[in-house]
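Below is data.txt, holding compact mmCIF, C-alpha atoms.
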```txt
# COMPACT_ATOMS: atom_id res chain seq x y z
CA MET A 1 -16.78 20.65 3.33
CA GLU A 2 -14.72 23.34 5.03
CA ASN A 3 -12.50 25.25 2.56
CA HIS A 4 -12.71 22.50 -0.06
CA GLY A 5 -11.20 20.08 2.46
CA SER A 6 -7.90 21.92 2.40
CA HIS A 7 -6.84 20.78 5.83
CA ILE A 8 -3.09 20.98 6.28
CA THR A 9 -1.51 18.04 8.10
CA GLU A 10 1.53 19.30 9.95
CA TYR A 11 4.95 17.70 9.30
CA LYS A 12 5.24 16.79 12.98
CA VAL A 13 2.02 14.75 12.86
CA LEU A 14 3.29 12.83 9.82
CA ILE A 15 6.63 12.08 11.51
CA LYS A 16 4.81 10.80 14.60
CA VAL A 17 2.64 8.53 12.44
CA LEU A 18 5.76 7.16 10.72
CA PHE A 19 7.37 6.31 14.06
CA LEU A 20 4.19 4.60 15.21
CA LEU A 21 4.11 2.56 11.98
CA LEU A 22 7.78 1.56 12.37
CA LEU A 23 7.15 0.56 15.97
CA CYS A 24 4.23 -1.62 14.85
CA THR A 25 6.42 -3.23 12.18
CA PHE A 26 9.05 -4.27 14.71
CA LEU A 27 6.30 -5.42 17.06
CA THR A 28 4.97 -7.68 14.30
CA ILE A 29 8.41 -9.16 13.72
CA SER A 30 8.98 -9.89 17.40
CA VAL A 31 5.49 -11.32 17.86
CA THR A 32 5.94 -13.76 14.96
CA GLY A 33 9.30 -14.71 16.48
CA PHE A 34 7.48 -16.42 19.35
CA ASN A 35 5.42 -19.42 18.50
CA LEU A 36 1.94 -18.65 19.71
CA GLY A 37 0.27 -21.08 17.35
CA ALA A 38 -2.85 -19.83 15.63
CA PHE A 39 -2.73 -16.57 17.57
CA THR A 40 0.41 -15.45 15.74
CA VAL A 41 -1.42 -14.83 12.46
CA THR A 42 -4.31 -13.18 14.28
CA ILE A 43 -2.00 -10.81 16.14
CA ALA A 44 0.04 -10.06 12.99
CA LEU A 45 -3.16 -9.26 11.08
CA LEU A 46 -4.54 -7.14 13.92
CA ILE A 47 -1.35 -5.07 13.95
CA ALA A 48 -1.54 -4.77 10.14
CA GLY A 49 -5.13 -3.56 10.49
CA PHE A 50 -4.05 -1.04 13.11
CA LYS A 51 -1.27 0.19 10.78
CA SER A 52 -3.60 0.53 7.83
CA TYR A 53 -5.99 2.56 9.96
CA PHE A 54 -3.23 5.12 10.53
CA VAL A 55 -2.12 5.12 6.89
CA LEU A 56 -5.73 5.65 5.79
CA SER A 57 -6.61 8.38 8.28
CA TYR A 58 -3.40 10.43 8.36
CA PHE A 59 -1.38 9.72 5.21
CA MET A 60 -4.46 9.40 3.01
CA HIS A 61 -6.19 12.28 4.85
CA LEU A 62 -9.39 10.31 5.40
CA LYS A 63 -9.72 11.81 8.85
CA TYR A 64 -10.39 15.18 7.24
CA GLU A 65 -12.46 13.99 4.26
CA SER A 66 -16.23 14.05 3.87
CA LEU A 67 -18.41 11.58 5.74
CA LEU A 68 -19.49 10.06 2.40
CA LEU A 69 -15.94 9.06 1.52
CA ARG A 70 -15.23 7.66 4.98
CA ILE A 71 -18.39 5.53 4.86
CA LEU A 72 -17.52 4.30 1.35
CA VAL A 73 -14.01 3.24 2.40
CA SER A 74 -15.28 1.42 5.49
CA MET A 75 -17.90 -0.36 3.35
CA VAL A 76 -15.17 -1.76 1.09
CA PHE A 77 -13.37 -3.25 4.09
CA VAL A 78 -16.66 -4.59 5.51
CA LEU A 79 -17.43 -6.12 2.09
CA PHE A 80 -14.02 -7.81 2.01
CA ILE A 81 -14.39 -9.21 5.54
CA VAL A 82 -17.84 -10.59 4.62
CA ILE A 83 -16.39 -12.28 1.51
CA VAL A 84 -13.58 -13.81 3.59
CA LEU A 85 -16.00 -15.07 6.25
CA ILE A 86 -18.38 -16.61 3.70
CA THR A 87 -15.51 -18.33 1.87
CA PHE A 88 -14.06 -19.72 5.10
CA ILE A 89 -17.45 -20.99 6.26
CA ASP A 90 -17.87 -22.64 2.85
CA TYR A 91 -14.47 -24.35 3.07
CA SER A 92 -14.87 -25.44 6.69
CA PHE A 93 -18.22 -27.14 6.23
CA ARG A 94 -17.86 -28.96 2.92
CA MET B 1 -25.05 40.77 -14.34
CA SER B 2 -24.26 39.85 -17.93
CA GLU B 3 -20.92 41.67 -17.72
CA HIS B 4 -19.79 39.30 -15.02
CA ASN B 5 -20.53 36.35 -17.26
CA THR B 6 -17.66 37.25 -19.58
CA HIS B 7 -15.30 36.07 -16.86
CA VAL B 8 -14.81 32.37 -17.59
CA GLU B 9 -14.80 30.29 -14.44
CA GLU B 10 -12.59 27.26 -14.51
CA HIS B 11 -14.73 24.17 -14.26
CA ARG B 12 -13.32 21.83 -11.71
CA ASP B 13 -14.46 19.73 -8.80
CA ASP B 14 -11.64 18.47 -6.59
CA GLU B 15 -14.01 16.54 -4.37
CA ALA B 16 -15.26 14.55 -7.38
CA SER B 17 -11.70 13.93 -8.65
CA LYS B 18 -10.74 12.47 -5.31
CA LEU B 19 -13.91 10.37 -5.17
CA GLY B 20 -13.06 8.99 -8.61
CA MET B 21 -9.55 8.12 -7.46
CA TRP B 22 -10.97 6.39 -4.39
CA LEU B 23 -13.38 4.34 -6.52
CA PHE B 24 -10.36 3.15 -8.53
CA ILE B 25 -8.51 2.37 -5.27
CA PHE B 26 -11.49 0.24 -4.18
CA THR B 27 -11.09 -1.94 -7.27
CA GLU B 28 -7.38 -2.30 -6.49
CA LEU B 29 -8.10 -3.23 -2.87
CA LEU B 30 -10.53 -5.92 -3.97
CA LEU B 31 -8.09 -7.19 -6.63
CA PHE B 32 -5.43 -7.78 -3.97
CA GLY B 33 -8.14 -8.82 -1.51
CA GLY B 34 -9.06 -11.69 -3.84
CA LEU B 35 -5.43 -12.79 -3.93
CA PHE B 36 -5.20 -12.64 -0.14
CA LEU B 37 -8.28 -14.84 0.00
CA VAL B 38 -6.73 -17.43 -2.34
CA TYR B 39 -3.57 -17.29 -0.21
CA SER B 40 -5.50 -17.82 3.06
CA ILE B 41 -7.44 -20.81 1.76
CA PHE B 42 -4.31 -22.58 0.46
CA ARG B 43 -2.42 -21.70 3.61
CA MET B 44 -5.20 -23.32 5.62
CA GLN B 45 -4.92 -26.45 3.45
CA TYR B 46 -1.09 -26.65 3.40
CA PRO B 47 0.09 -25.00 6.64
CA ASP B 48 3.38 -26.94 6.88
CA ASN B 49 4.40 -26.41 3.24
CA PHE B 50 3.64 -22.69 3.50
CA HIS B 51 5.70 -22.41 6.66
CA GLU B 52 8.69 -24.23 5.14
CA SER B 53 8.53 -22.18 1.93
CA SER B 54 8.36 -18.88 3.80
CA MET B 55 11.64 -19.78 5.54
CA GLU B 56 13.29 -19.41 2.11
CA LEU B 57 12.50 -15.68 2.08
CA SER B 58 14.88 -13.18 3.61
CA VAL B 59 13.15 -11.35 6.46
CA THR B 60 15.92 -8.72 6.38
CA ILE B 61 15.10 -7.69 2.80
CA GLY B 62 11.42 -7.72 3.72
CA VAL B 63 12.02 -5.43 6.71
CA ILE B 64 14.20 -3.04 4.67
CA ASN B 65 11.48 -2.80 2.01
CA THR B 66 8.81 -2.21 4.65
CA VAL B 67 10.79 0.64 6.21
CA VAL B 68 11.51 2.08 2.75
CA LEU B 69 7.82 2.06 1.78
CA LEU B 70 6.60 3.49 5.10
CA PHE B 71 9.20 6.27 4.85
CA SER B 72 8.26 7.06 1.24
CA SER B 73 4.61 7.16 2.24
CA MET B 74 5.44 9.82 4.79
CA THR B 75 7.53 11.89 2.36
CA ILE B 76 4.74 12.00 -0.25
CA ALA B 77 2.23 12.98 2.45
CA MET B 78 4.68 15.73 3.44
CA ALA B 79 4.87 16.85 -0.21
CA ILE B 80 1.15 17.72 0.00
CA THR B 81 1.72 19.67 3.22
CA ALA B 82 4.60 21.48 1.48
CA ILE B 83 2.56 22.44 -1.59
CA GLN B 84 -0.27 23.67 0.67
CA LYS B 85 2.29 25.85 2.46
CA LYS B 86 3.44 27.19 -0.95
CA ASN B 87 6.88 25.67 -0.56
CA LYS B 88 7.54 24.54 -4.14
CA LYS B 89 11.18 23.67 -3.60
CA LEU B 90 10.46 21.38 -0.66
CA THR B 91 7.58 19.76 -2.56
CA LEU B 92 9.90 18.89 -5.44
CA ARG B 93 12.51 17.53 -3.03
CA LEU B 94 10.00 15.38 -1.18
CA ILE B 95 8.60 13.94 -4.43
CA SER B 96 12.18 13.14 -5.53
CA VAL B 97 12.89 11.36 -2.25
CA THR B 98 9.71 9.31 -2.69
CA VAL B 99 10.67 8.28 -6.24
CA LEU B 100 14.17 7.43 -5.01
CA MET B 101 12.70 5.22 -2.27
CA ALA B 102 10.55 3.47 -4.89
CA LEU B 103 13.75 2.79 -6.84
CA VAL B 104 15.45 1.40 -3.71
CA PHE B 105 12.47 -0.89 -3.20
CA LEU B 106 12.71 -2.17 -6.78
CA ILE B 107 16.48 -2.73 -6.56
CA ASN B 108 15.93 -4.75 -3.38
CA LYS B 109 13.22 -6.74 -5.12
CA TYR B 110 15.59 -7.33 -8.07
CA PHE B 111 18.19 -8.90 -5.79
CA GLU B 112 15.57 -10.88 -3.89
CA TRP B 113 14.05 -12.33 -7.06
CA GLY B 114 17.43 -12.72 -8.75
CA HIS B 115 18.61 -14.86 -5.85
CA LYS B 116 15.62 -17.20 -6.34
CA PHE B 117 16.07 -17.29 -10.13
CA GLU B 118 19.69 -18.39 -9.63
CA HIS B 119 18.43 -21.38 -7.68
CA GLY B 120 16.04 -22.23 -10.51
CA LEU B 121 13.03 -20.98 -8.58
CA TYR B 122 10.78 -18.97 -10.91
CA PRO B 123 7.30 -19.44 -12.36
CA GLY B 124 7.31 -22.30 -14.88
CA SER B 125 10.83 -23.51 -14.00
CA ASP B 126 11.74 -27.21 -13.91
CA LEU B 127 12.29 -27.02 -10.16
CA MET B 128 8.82 -25.58 -9.58
CA GLN B 129 7.21 -28.52 -11.43
CA PHE B 130 8.74 -31.03 -9.02
CA LEU B 131 7.96 -29.17 -5.80
CA GLU B 132 5.29 -30.44 -3.45
CA ARG B 133 1.87 -28.97 -4.16
CA GLY B 134 1.91 -26.65 -1.12
CA HIS B 135 5.39 -25.31 -1.96
CA HIS B 136 4.40 -24.84 -5.58
CA LEU B 137 1.29 -22.88 -4.56
CA TYR B 138 3.22 -20.74 -2.09
CA PHE B 139 5.89 -19.71 -4.59
CA SER B 140 3.37 -19.16 -7.39
CA LEU B 141 1.40 -16.87 -5.09
CA TYR B 142 4.60 -15.23 -3.85
CA PHE B 143 5.78 -14.39 -7.38
CA PHE B 144 2.34 -13.30 -8.54
CA MET B 145 1.50 -11.10 -5.53
CA THR B 146 4.90 -9.44 -5.14
CA GLY B 147 5.14 -9.13 -8.94
CA LEU B 148 1.78 -7.40 -9.19
CA HIS B 149 2.78 -5.21 -6.27
CA ALA B 150 6.09 -4.32 -7.96
CA LEU B 151 4.13 -3.41 -11.11
CA HIS B 152 2.11 -1.01 -8.96
CA ILE B 153 5.35 0.47 -7.63
CA ILE B 154 6.48 1.16 -11.22
CA VAL B 155 3.12 2.77 -12.10
CA GLY B 156 3.29 4.81 -8.88
CA MET B 157 6.79 5.99 -9.79
CA ILE B 158 5.61 7.15 -13.22
CA LEU B 159 2.65 8.98 -11.63
CA LEU B 160 4.94 10.70 -9.12
CA ILE B 161 7.38 11.72 -11.87
CA ILE B 162 4.43 13.31 -13.74
CA CYS B 163 3.55 15.10 -10.46
CA PHE B 164 7.15 16.33 -10.22
CA VAL B 165 7.04 17.76 -13.77
CA LYS B 166 3.66 19.39 -13.09
CA VAL B 167 4.80 21.01 -9.85
CA ASN B 168 7.96 22.19 -11.60
CA LYS B 169 5.96 23.67 -14.51
CA GLY B 170 3.58 25.33 -12.05
CA SER B 171 0.41 23.52 -13.11
CA ILE B 172 0.18 22.07 -9.60
CA THR B 173 0.01 24.94 -7.11
CA ASN B 174 -1.07 25.59 -3.53
CA ASP B 175 -4.71 26.09 -4.60
CA LYS B 176 -4.79 23.43 -7.29
CA PHE B 177 -3.07 20.26 -6.15
CA VAL B 178 -5.67 17.53 -6.53
CA PHE B 179 -3.48 15.73 -9.11
CA LEU B 180 -0.68 15.46 -6.56
CA GLU B 181 -3.20 14.32 -3.94
CA ASN B 182 -4.45 11.54 -6.22
CA GLY B 183 -0.89 10.51 -7.09
CA ALA B 184 -0.12 10.36 -3.38
CA LEU B 185 -3.28 8.31 -2.74
CA TYR B 186 -2.05 5.76 -5.28
CA TRP B 187 1.32 5.64 -3.57
CA HIS B 188 -0.29 5.08 -0.16
CA LEU B 189 -2.32 2.22 -1.67
CA VAL B 190 0.94 0.53 -2.65
CA ASP B 191 2.14 0.96 0.94
CA LEU B 192 -1.17 -0.30 2.33
CA ILE B 193 -0.97 -3.53 0.30
CA TRP B 194 2.61 -4.12 1.44
CA ILE B 195 1.53 -3.75 5.10
CA PHE B 196 -0.47 -6.97 4.62
CA LEU B 197 1.86 -8.70 2.14
CA PHE B 198 4.89 -8.49 4.41
CA PRO B 199 3.61 -10.37 7.51
CA LEU B 200 1.67 -12.88 5.41
CA LEU B 201 4.48 -13.87 3.04
CA TYR B 202 7.63 -13.32 5.12
CA LEU B 203 6.58 -14.05 8.69
CA ILE B 204 4.84 -17.38 8.98
CA SER B 205 5.32 -19.39 12.12
```

Go through the file and emit its structure as structure tokens.
Amino acid sequence: MENHGSHITEYKVLIKVLFLLLLCTFLTISVTGFNLGAFTVTIALLIAGFKSYFVLSYFMHLKYESLLLRILVSMVFVLFIVIVLITFIDYSFR
Amino acid sequence: MSEHNTHVEEHRDDEASKLGMWLFIFTELLLFGGLFLVYSIFRMQYPDNFHESSMELSVTIGVINTVVLLFSSMTIAMAITAIQKKNKKLTLRLISVTVLMALVFLINKYFEWGHKFEHGLYPGSDLMQFLERGHHLYFSLYFFMTGLHALHIIVGMILLIICFVKVNKGSITNDKFVFLENGALYWHLVDLIWIFLFPLLYLIS
């Protein structure tokens, strides 16, 4: 799109993203330390999803890519979630 | 007009190259996605066995490898910033750091797996045959998923070494760096998969 998508991500931004990711990692460890039953997995997966959002948008530059690419990537994740849901419904009601 | 045609324009489309790389990444995501699905179903069926088995894994090694991969992901992203800013030296250094981190990850994995092998725990071992079904499934999935992931680390390392050679030779420059971008995308994929592998395999309560 603009200048062949040659957006330059500053070093500072990347360092900030790394610190956020590290913080999330330690948050995951401490959350799973407590026994919150079924919620533990949910919280751990939510944090993992949050982390992957930052890896995708800043490290993988998706934030500055074309709309087409961003839609395609989101569709893959939507597809995966649909597959998971269908499989779980199948297993729960047999 | 015809005089201008003698100038041969290089035919390249960076946008398309990246799109191609992303399409490949989609297949990788769904490959691991399928494994995560198998894992979730069996975990739902054998929650206690999965919990007991996961206690056998060292969370410390898992955390070290997570930090190593996140850090390497940042350094390779920085390498792209460096090449865009025409800083060849820094680009080479950052790629080297990333490859070094990949090596640290693999060494860690070697010790982690080696420890299990010593106890007779490896795919197809006598011990594995006599484990309870849930334990057997957990360790089979553990070895397969982390093994496939480690294979991706090795491929990523080779790709990044090729990037290093190309930057050094000058065939990757500040206005032609899509190869480095695609190499970096592959490396981030490896990191992305680990983000989900780590809590699912190491932290089960």

Practice task
List the neighbours of Leu106 (chain B) out to 9 Å using all atoms listed in the file; skip same-chain residues closer than 4 positions along the sequence, and give me the result as a list in words.
Solution key: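 So the residues in contact are Asn65, Met101, Ala102, Tyr110, Phe111, Ala150, Ile153 and Ile154 of chain B.
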
Practice task
Could the residues of chain A within 7 Å of chain B, counting only C-alpha atoms, be given as a VMD selection string, please?
Solution key: chain A and resid 8 to 11 14 18 22 32 35 44 48 52 59 to 60 76 80 84

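Put simply, CA of Ser96 (chain B) is 7.6 Å away from CA of Phe164 (chain B).
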
Practice task
Using CA of Pro123 (chain B) and CA of His136 (chain B) as the two end points, give the distance in Å to one decimal.
Solution key: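 CA of Pro123 (chain B) sits 9.1 Å away from CA of His136 (chain B).
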
Practice task
Go through B:Asn108, B:Leu103, B:Tyr138, B:Met128 and flag the residue nearest His51 (chain B), using only C-alpha atoms for the distances.
Solution key: B:Tyr138

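Taking only C-alpha atoms into account, Ser6 (chain A) lies nearest to A:Ser66 out of the set A:Ser66, A:Ser74, A:Thr42, A:Thr87.
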
Once 3 Å is added on each side, what centre and edge lengths in Å to one decimal does the axis-aligned box around all listed atoms of region 22-32 of chain A have, as JSON?
```
{"center_x": 6.6, "center_y": -6.1, "center_z": 15.0, "size_x": 10.8, "size_y": 21.3, "size_z": 11.7}
```

How would region 76-104 of chain B look with N, CA and C atoms restored, written as an mmCIF file, keeping the file's coordinate frame?
```cif
data_model
loop_
_atom_site.group_PDB
_atom_site.id
_atom_site.type_symbol
_atom_site.label_atom_id
_atom_site.label_comp_id
_atom_site.auth_asym_id
_atom_site.auth_seq_id
_atom_site.Cartn_x
_atom_site.Cartn_y
_atom_site.Cartn_z
ATOM 1 N N ILE B 76 5.716 11.507 0.742
ATOM 2 C CA ILE B 76 4.740 12.000 -0.250
ATOM 3 C C ILE B 76 3.587 12.719 0.450
ATOM 4 N N ALA B 77 3.251 12.258 1.679
ATOM 5 C CA ALA B 77 2.230 12.980 2.450
ATOM 6 C C ALA B 77 2.753 14.369 2.818
ATOM 7 N N MET B 78 4.065 14.442 3.124
ATOM 8 C CA MET B 78 4.680 15.730 3.440
ATOM 9 C C MET B 78 4.702 16.646 2.219
ATOM 10 N N ALA B 79 4.849 16.046 1.018
ATOM 11 C CA ALA B 79 4.870 16.850 -0.210
ATOM 12 C C ALA B 79 3.572 17.639 -0.342
ATOM 13 N N ILE B 80 2.443 17.019 0.073
ATOM 14 C CA ILE B 80 1.150 17.720 0.000
ATOM 15 C C ILE B 80 1.121 18.873 1.001
ATOM 16 N N THR B 81 1.629 18.590 2.221
ATOM 17 C CA THR B 81 1.720 19.670 3.220
ATOM 18 C C THR B 81 2.561 20.813 2.669
ATOM 19 N N ALA B 82 3.680 20.467 2.002
ATOM 20 C CA ALA B 82 4.600 21.480 1.480
ATOM 21 C C ALA B 82 3.935 22.334 0.401
ATOM 22 N N ILE B 83 3.187 21.661 -0.505
ATOM 23 C CA ILE B 83 2.560 22.440 -1.590
ATOM 24 C C ILE B 83 1.466 23.338 -1.020
ATOM 25 N N GLN B 84 0.775 22.851 0.043
ATOM 26 C CA GLN B 84 -0.270 23.670 0.670
ATOM 27 C C GLN B 84 0.353 24.894 1.341
ATOM 28 N N LYS B 85 1.607 24.726 1.805
ATOM 29 C CA LYS B 85 2.290 25.850 2.460
ATOM 30 C C LYS B 85 3.089 26.663 1.451
ATOM 31 N N LYS B 86 2.820 26.443 0.161
ATOM 32 C CA LYS B 86 3.440 27.190 -0.950
ATOM 33 C C LYS B 86 4.954 27.021 -1.021
ATOM 34 N N ASN B 87 5.452 25.908 -0.515
ATOM 35 C CA ASN B 87 6.880 25.670 -0.560
ATOM 36 C C ASN B 87 7.193 24.725 -1.723
ATOM 37 N N LYS B 88 7.362 25.327 -2.907
ATOM 38 C CA LYS B 88 7.540 24.540 -4.140
ATOM 39 C C LYS B 88 8.816 23.708 -4.106
ATOM 40 N N LYS B 89 9.878 24.347 -3.631
ATOM 41 C CA LYS B 89 11.180 23.670 -3.600
ATOM 42 C C LYS B 89 11.137 22.397 -2.761
ATOM 43 N N LEU B 90 10.544 22.537 -1.565
ATOM 44 C CA LEU B 90 10.460 21.380 -0.660
ATOM 45 C C LEU B 90 9.554 20.301 -1.259
ATOM 46 N N THR B 91 8.477 20.724 -1.915
ATOM 47 C CA THR B 91 7.580 19.760 -2.560
ATOM 48 C C THR B 91 8.348 18.915 -3.560
ATOM 49 N N LEU B 92 9.127 19.606 -4.415
ATOM 50 C CA LEU B 92 9.900 18.890 -5.440
ATOM 51 C C LEU B 92 10.885 17.928 -4.791
ATOM 52 N N ARG B 93 11.535 18.394 -3.721
ATOM 53 C CA ARG B 93 12.510 17.530 -3.030
ATOM 54 C C ARG B 93 11.843 16.299 -2.461
ATOM 55 N N LEU B 94 10.687 16.512 -1.820
ATOM 56 C CA LEU B 94 10.000 15.380 -1.180
ATOM 57 C C LEU B 94 9.501 14.377 -2.222
ATOM 58 N N ILE B 95 9.027 14.868 -3.378
ATOM 59 C CA ILE B 95 8.600 13.940 -4.430
ATOM 60 C C ILE B 95 9.816 13.150 -4.917
ATOM 61 N N SER B 96 10.960 13.837 -5.081
ATOM 62 C CA SER B 96 12.180 13.140 -5.530
ATOM 63 C C SER B 96 12.580 12.048 -4.554
ATOM 64 N N VAL B 97 12.533 12.364 -3.257
ATOM 65 C CA VAL B 97 12.890 11.360 -2.250
ATOM 66 C C VAL B 97 11.970 10.145 -2.367
ATOM 67 N N THR B 98 10.674 10.405 -2.570
ATOM 68 C CA THR B 98 9.710 9.310 -2.690
ATOM 69 C C THR B 98 10.043 8.417 -3.887
ATOM 70 N N VAL B 99 10.339 9.052 -5.037
ATOM 71 C CA VAL B 99 10.670 8.280 -6.240
ATOM 72 C C VAL B 99 11.958 7.479 -6.013
ATOM 73 N N LEU B 100 12.908 8.105 -5.316
ATOM 74 C CA LEU B 100 14.170 7.430 -5.010
ATOM 75 C C LEU B 100 13.928 6.197 -4.141
ATOM 76 N N MET B 101 13.037 6.342 -3.154
ATOM 77 C CA MET B 101 12.700 5.220 -2.270
ATOM 78 C C MET B 101 12.046 4.093 -3.073
ATOM 79 N N ALA B 102 11.203 4.471 -4.029
ATOM 80 C CA ALA B 102 10.550 3.470 -4.890
ATOM 81 C C ALA B 102 11.625 2.691 -5.649
ATOM 82 N N LEU B 103 12.647 3.413 -6.107
ATOM 83 C CA LEU B 103 13.750 2.790 -6.840
ATOM 84 C C LEU B 103 14.515 1.829 -5.933
ATOM 85 N N VAL B 104 14.764 2.265 -4.682
ATOM 86 C CA VAL B 104 15.450 1.400 -3.710
ATOM 87 C C VAL B 104 14.658 0.117 -3.504
#
```
